[in-house]
Amino acid sequence: MISAIRSIWILTSCCFHQIDGFAHIPISHSPAIPDSSELAELASFANTLADAARLEILPYWRSPRNNLGQEIKHESNRSEFQSASPVTLADRAAERAMRELIEERYPNHGIYGEEYGVVRSDADFVWVIDPIDGSRSFITGKPLFGTLVSCLYKGKPVIGIIDQCVLDERWVGIAGQQTTLNGVSICTDGVSTLKDAEMYSTSPDMFRDEDWTKFTAMKNAVRTLHYGADCYAYALVATGHADVVVEADLGLYDYCSLVPVLEGAGGVISDWEGRELTLQNHENSKGRVVACASKDLLEESLQILQQKTREHLNSVKSVKMIQFRLYQNNQTQLLYCSVSWLEKLLLISVYNS
């Protein structure tokens with residue numbers, strides 16, 4: 001029995017050592033980006049893709065809804081907002097047009113699309129496309145949707161486009177370069193603290209369980225919360241008209257193009273743990289995204305978004321949260337070790353000799 005207890009103590013000591021570093025998760029080192037000439041070529045092609053999507057989308061703009069061929073795409077294990085999302089003929093036509101161009105120009109590149117899936121995701125270059133981010137807005141005639149085009153190099157977004165075809169607005173982000181809106185350089189112009197910030201989120205229904213608690217804390221920390229802009233909200237932060245966007249349960253195609261646009265405008269964007277938004281990190285990030293006009297706003301936001309978890313783990317460490325209870329039952333003694341941060345029950349059976 002003493003030996004079993006000693007083993008458990010060693011196990012939990014290792015666990016607590018990991019807790020020490022929980023709040024300081026390092027951002028991984030990014031691969032070297034392609035050279036400037038290759039980036040220019042990729043950006044030019046990304047613009048070609050956005051042009052092709054426009055040609056497919058605009059004929060459907062504010063058409064009678066029964067002409068849009070609307071269907072509902074159901075996805076399990078998603079939030080209420082994402083579990084049943086609308087898809088139109090325009091979505092499908094625009095993605096087909098972009099995929100055909102990619103296959104023709106770069107047959108060895110990967111493609112990660114919302115409507116037609118993934119091919120060659122292990123390629124060095126992967127195009128991540130969302131033909132209409134904000135289909136609900138598109139269907140109801142609200143020009144706050146956008147076409148998202150991104151090129152990843154070894155998993156990291158190096159090219160990003162947000163294209164609003166109705167308003168004829170196009171944000172282009174290129175790694176290491178200034179972001180432009182219709183060819184004119186732009187930059188963020190955010191406030192210095194959250195209490196003065198204008199925050200966006202597409203819908204409150206994208207937050208579940210603990211995410212809802214953290215989102216509520218963010219809502220209470222900012223000056224004003226706005227709903228319903230999808231990718232356009234991130235463009236507003238990049239252009240200096242808004243300060244923060246907090247969202248959850250996003251797909252990879254929902255946020256990859258936003259990264260170069262925000263960063264090239266002087267903004268910052270990460271998951272809720274401060275990790276980079278990359279292909280490799282997507283499963284860990286779980287679609288939780290926070291974008292801010294400045295590093296100071298991001299730091300303040302991350303303190304809120306991580307607060308409950310940090311307090312919980314610190315309390316585990318300070319009091320150990322280990323309770324040993326011995327139950328005698330004839331020939332078997334059961335040792336229960338309850339470690340709350342694991343949220344599991346460790347059961348060890350020790351047979352009497």
# chains A, B, ... in the order shown; residues from 1 in each chain; ligands from 1
call {"tool": "select_by_dssp", "arguments": {"residues": "stretch 38-82 of chain A", "states": "strand (DSSP E or B)", "output": "ChimeraX atom specification"}}
result
/A:71-74
call {"tool": "closest_atom_pairs", "arguments": {"of": "stretch 38-103 of chain A", "to": "stretch 151-170 of chain A", "cutoff": "7 Å", "atoms": "only C-alpha atoms", "output": "CSV"}}
result
residue,atom,partner,partner_atom,distance
A:Ala43,CA,A:Ile159,CA,6.2
A:Ala50,CA,A:Asp163,CA,6.7
A:Arg54,CA,A:Cys165,CA,5.9
call {"tool": "write_last_selection", "arguments": {"atoms": "all heavy atoms", "output": "mmCIF file, in the first residue's frame"}}
result
data_model
loop_
_atom_site.group_PDB
_atom_site.id
_atom_site.type_symbol
_atom_site.label_atom_id
_atom_site.label_comp_id
_atom_site.auth_asym_id
_atom_site.auth_seq_id
_atom_site.Cartn_x
_atom_site.Cartn_y
_atom_site.Cartn_z
ATOM 1 N N ALA A 43 0.486 36.123 -53.864
ATOM 2 C CA ALA A 43 -0.510 37.161 -53.600
ATOM 3 C C ALA A 43 -1.278 37.518 -54.866
ATOM 4 O O ALA A 43 -2.502 37.731 -54.833
ATOM 5 C CB ALA A 43 0.167 38.401 -53.021
ATOM 6 N N ALA A 50 -9.858 35.468 -55.707
ATOM 7 C CA ALA A 50 -10.923 36.328 -55.185
ATOM 8 C C ALA A 50 -11.747 36.923 -56.323
ATOM 9 O O ALA A 50 -12.975 37.048 -56.217
ATOM 10 C CB ALA A 50 -10.331 37.429 -54.313
ATOM 11 N N ARG A 54 -15.822 36.409 -56.959
ATOM 12 C CA ARG A 54 -16.758 37.520 -57.172
ATOM 13 C C ARG A 54 -17.692 37.254 -58.351
ATOM 14 O O ARG A 54 -18.898 37.524 -58.266
ATOM 15 C CB ARG A 54 -15.979 38.812 -57.448
ATOM 16 C CG ARG A 54 -15.432 39.523 -56.240
ATOM 17 C CD ARG A 54 -14.937 40.909 -56.626
ATOM 18 N NE ARG A 54 -14.460 41.651 -55.468
ATOM 19 C CZ ARG A 54 -14.301 42.961 -55.448
ATOM 20 N NH1 ARG A 54 -14.577 43.693 -56.530
ATOM 21 N NH2 ARG A 54 -13.863 43.572 -54.363
#
call {"tool": "select_by_dssp", "arguments": {"residues": "stretch 74-268 of chain A", "states": "helix (DSSP H, G or I)", "output": "PyMOL selection string"}}
result
chain A and resi 89-105+135-139+194-196+204-206+209-221+231-239+252-255+258-264
call {"tool": "write_last_selection", "arguments": {"atoms": "C-alpha atoms", "output": "CSV table (one decimal), in the first residue's frame"}}
result
chain,number,residue,atom,x,y,z
A,89,LEU,CA,-25.5,27.8,-54.9
A,90,ALA,CA,-23.2,30.8,-54.7
A,91,ASP,CA,-21.0,29.2,-52.0
A,92,ARG,CA,-20.6,26.1,-54.1
A,93,ALA,CA,-20.0,27.8,-57.4
A,94,ALA,CA,-17.4,30.2,-56.0
A,95,GLU,CA,-15.4,27.4,-54.3
A,96,ARG,CA,-15.5,25.2,-57.4
A,97,ALA,CA,-14.2,28.1,-59.5
A,98,MET,CA,-11.3,28.7,-57.0
A,99,ARG,CA,-10.4,25.0,-56.7
A,100,GLU,CA,-10.3,24.6,-60.5
A,101,LEU,CA,-7.8,27.5,-60.8
A,102,ILE,CA,-5.6,26.1,-58.0
A,103,GLU,CA,-5.5,22.7,-59.5
A,104,GLU,CA,-4.6,24.1,-62.9
A,105,ARG,CA,-1.9,26.5,-61.6
A,135,SER,CA,-23.7,33.0,-45.5
A,136,ARG,CA,-26.5,34.1,-43.2
A,137,SER,CA,-25.7,37.7,-44.0
A,138,PHE,CA,-25.5,36.9,-47.7
A,139,ILE,CA,-28.9,35.2,-47.7
A,194,LEU,CA,-10.4,47.0,-22.9
A,195,LYS,CA,-12.7,49.3,-20.9
A,196,ASP,CA,-12.7,51.7,-23.9
A,204,PRO,CA,-23.4,34.5,-28.7
A,205,ASP,CA,-24.5,31.0,-29.8
A,206,MET,CA,-21.0,30.0,-30.8
A,209,ASP,CA,-20.1,25.9,-21.4
A,210,GLU,CA,-16.8,27.4,-20.0
A,211,ASP,CA,-16.4,29.4,-23.3
A,212,TRP,CA,-19.6,31.2,-22.5
A,213,THR,CA,-18.4,32.1,-19.1
A,214,LYS,CA,-15.2,33.6,-20.5
A,215,PHE,CA,-17.0,35.4,-23.3
A,216,THR,CA,-19.3,36.9,-20.7
A,217,ALA,CA,-16.3,38.2,-18.8
A,218,MET,CA,-14.9,39.8,-22.0
A,219,LYS,CA,-18.3,41.3,-22.7
A,220,ASN,CA,-18.3,42.9,-19.3
A,221,ALA,CA,-14.8,44.2,-19.7
A,231,CYS,CA,-15.0,38.1,-41.2
A,232,TYR,CA,-15.8,41.8,-41.7
A,233,ALA,CA,-15.3,42.4,-38.0
A,234,TYR,CA,-11.6,41.5,-38.3
A,235,ALA,CA,-11.3,43.8,-41.3
A,236,LEU,CA,-12.7,46.6,-39.2
A,237,VAL,CA,-10.1,46.0,-36.6
A,238,ALA,CA,-7.3,46.0,-39.2
A,239,THR,CA,-8.7,49.3,-40.6
A,252,LEU,CA,-9.7,26.6,-40.2
A,253,TYR,CA,-11.1,28.3,-43.3
A,254,ASP,CA,-12.8,30.9,-41.0
A,255,TYR,CA,-9.6,32.4,-39.7
A,258,LEU,CA,-7.4,36.9,-41.2
A,259,VAL,CA,-3.9,36.3,-39.8
A,260,PRO,CA,-1.7,38.1,-42.4
A,261,VAL,CA,-4.4,40.8,-42.7
A,262,LEU,CA,-4.4,41.6,-39.0
A,263,GLU,CA,-0.6,41.2,-38.5
A,264,GLY,CA,0.3,43.3,-41.5
call {"tool": "atom_distance", "arguments": {"atom1": "atom CA of A:Val119", "atom2": "atom CA of A:Asn77"}}
result
22.9 Å
call {"tool": "closest_atom_pairs", "arguments": {"of": "stretch 252-292 of chain A", "to": "stretch 298-309 of chain A", "cutoff": "8 Å", "atoms": "only C-alpha atoms", "output": "CSV"}}
result
residue,atom,partner,partner_atom,distance
A:Val268,CA,A:Leu298,CA,7.0
A:Ile269,CA,A:Leu298,CA,7.8
A:Trp272,CA,A:Leu305,CA,6.1
A:Glu273,CA,A:Gln306,CA,6.8
A:Gly274,CA,A:Leu302,CA,7.0
A:Val290,CA,A:Leu298,CA,7.6
A:Ala291,CA,A:Leu298,CA,7.2
A:Cys292,CA,A:Leu298,CA,5.5
call {"tool": "atom_distance", "arguments": {"atom1": "atom CA of A:Thr140", "atom2": "atom CA of A:Asn66"}}
result
11.7 Å
call {"tool": "atom_distance", "arguments": {"atom1": "atom CA of A:Pro64", "atom2": "atom CA of A:Pro131"}}
result
19.8 Å
call {"tool": "residues_around", "arguments": {"residues": "A:His109", "least_positions_apart": "4", "cutoff": "6 Å", "atoms": "only C-alpha atoms", "output": "MDAnalysis selection string"}}
result
chainID A and resid 123 125:126
call {"tool": "write_last_selection", "arguments": {"atoms": "C-alpha atoms", "output": "PDB file, in the first residue's frame"}}
result
ATOM      1  CA  ALA A 123       1.888  19.811 -48.940  1.00  0.00           C
ATOM      2  CA  PHE A 125       1.745  25.103 -49.680  1.00  0.00           C
ATOM      3  CA  VAL A 126      -1.955  24.741 -48.835  1.00  0.00           C
TER       4      VAL A 126
END
call {"tool": "decode", "arguments": {"residues": "stretch 101-144 of chain A", "atoms": "C-alpha atoms", "output": "PDB file, in the first residue's frame"}}
result
ATOM      1  CA  LEU A 101      -7.833  27.513 -60.779  1.00  0.00           C
ATOM      2  CA  ILE A 102      -5.626  26.132 -57.998  1.00  0.00           C
ATOM      3  CA  GLU A 103      -5.525  22.660 -59.522  1.00  0.00           C
ATOM      4  CA  GLU A 104      -4.586  24.127 -62.890  1.00  0.00           C
ATOM      5  CA  ARG A 105      -1.904  26.517 -61.626  1.00  0.00           C
ATOM      6  CA  TYR A 106      -0.476  24.612 -58.651  1.00  0.00           C
ATOM      7  CA  PRO A 107      -1.386  20.913 -58.959  1.00  0.00           C
ATOM      8  CA  ASN A 108       0.987  19.994 -56.114  1.00  0.00           C
ATOM      9  CA  HIS A 109      -0.453  22.478 -53.645  1.00  0.00           C
ATOM     10  CA  GLY A 110      -3.011  21.399 -51.063  1.00  0.00           C
ATOM     11  CA  ILE A 111      -6.550  22.740 -50.839  1.00  0.00           C
ATOM     12  CA  TYR A 112      -8.649  23.104 -47.696  1.00  0.00           C
ATOM     13  CA  GLY A 113     -12.145  24.316 -48.556  1.00  0.00           C
ATOM     14  CA  GLU A 114     -15.322  24.683 -46.554  1.00  0.00           C
ATOM     15  CA  GLU A 115     -17.682  23.133 -49.107  1.00  0.00           C
ATOM     16  CA  TYR A 116     -15.609  20.481 -50.915  1.00  0.00           C
ATOM     17  CA  GLY A 117     -13.140  19.305 -48.338  1.00  0.00           C
ATOM     18  CA  VAL A 118      -9.403  18.755 -48.173  1.00  0.00           C
ATOM     19  CA  VAL A 119      -6.753  17.431 -50.552  1.00  0.00           C
ATOM     20  CA  ARG A 120      -2.983  17.233 -50.050  1.00  0.00           C
ATOM     21  CA  SER A 121      -3.049  18.947 -46.640  1.00  0.00           C
ATOM     22  CA  ASP A 122       0.525  17.738 -46.029  1.00  0.00           C
ATOM     23  CA  ALA A 123       1.888  19.811 -48.940  1.00  0.00           C
ATOM     24  CA  ASP A 124       4.269  22.686 -48.174  1.00  0.00           C
ATOM     25  CA  PHE A 125       1.745  25.103 -49.680  1.00  0.00           C
ATOM     26  CA  VAL A 126      -1.955  24.741 -48.835  1.00  0.00           C
ATOM     27  CA  TRP A 127      -4.727  27.063 -50.025  1.00  0.00           C
ATOM     28  CA  VAL A 128      -7.456  27.576 -47.425  1.00  0.00           C
ATOM     29  CA  ILE A 129     -10.641  29.023 -48.923  1.00  0.00           C
ATOM     30  CA  ASP A 130     -14.075  30.005 -47.690  1.00  0.00           C
ATOM     31  CA  PRO A 131     -16.214  31.219 -50.611  1.00  0.00           C
ATOM     32  CA  ILE A 132     -18.750  33.052 -48.443  1.00  0.00           C
ATOM     33  CA  ASP A 133     -17.888  33.588 -44.810  1.00  0.00           C
ATOM     34  CA  GLY A 134     -21.178  34.849 -43.417  1.00  0.00           C
ATOM     35  CA  SER A 135     -23.730  32.955 -45.501  1.00  0.00           C
ATOM     36  CA  ARG A 136     -26.533  34.084 -43.204  1.00  0.00           C
ATOM     37  CA  SER A 137     -25.708  37.702 -43.998  1.00  0.00           C
ATOM     38  CA  PHE A 138     -25.495  36.923 -47.702  1.00  0.00           C
ATOM     39  CA  ILE A 139     -28.874  35.185 -47.739  1.00  0.00           C
ATOM     40  CA  THR A 140     -30.580  38.057 -45.929  1.00  0.00           C
ATOM     41  CA  GLY A 141     -29.036  40.763 -48.117  1.00  0.00           C
ATOM     42  CA  LYS A 142     -26.617  42.183 -45.548  1.00  0.00           C
ATOM     43  CA  PRO A 143     -23.215  43.090 -47.082  1.00  0.00           C
ATOM     44  CA  LEU A 144     -21.124  41.953 -44.133  1.00  0.00           C
TER      45      LEU A 144
END
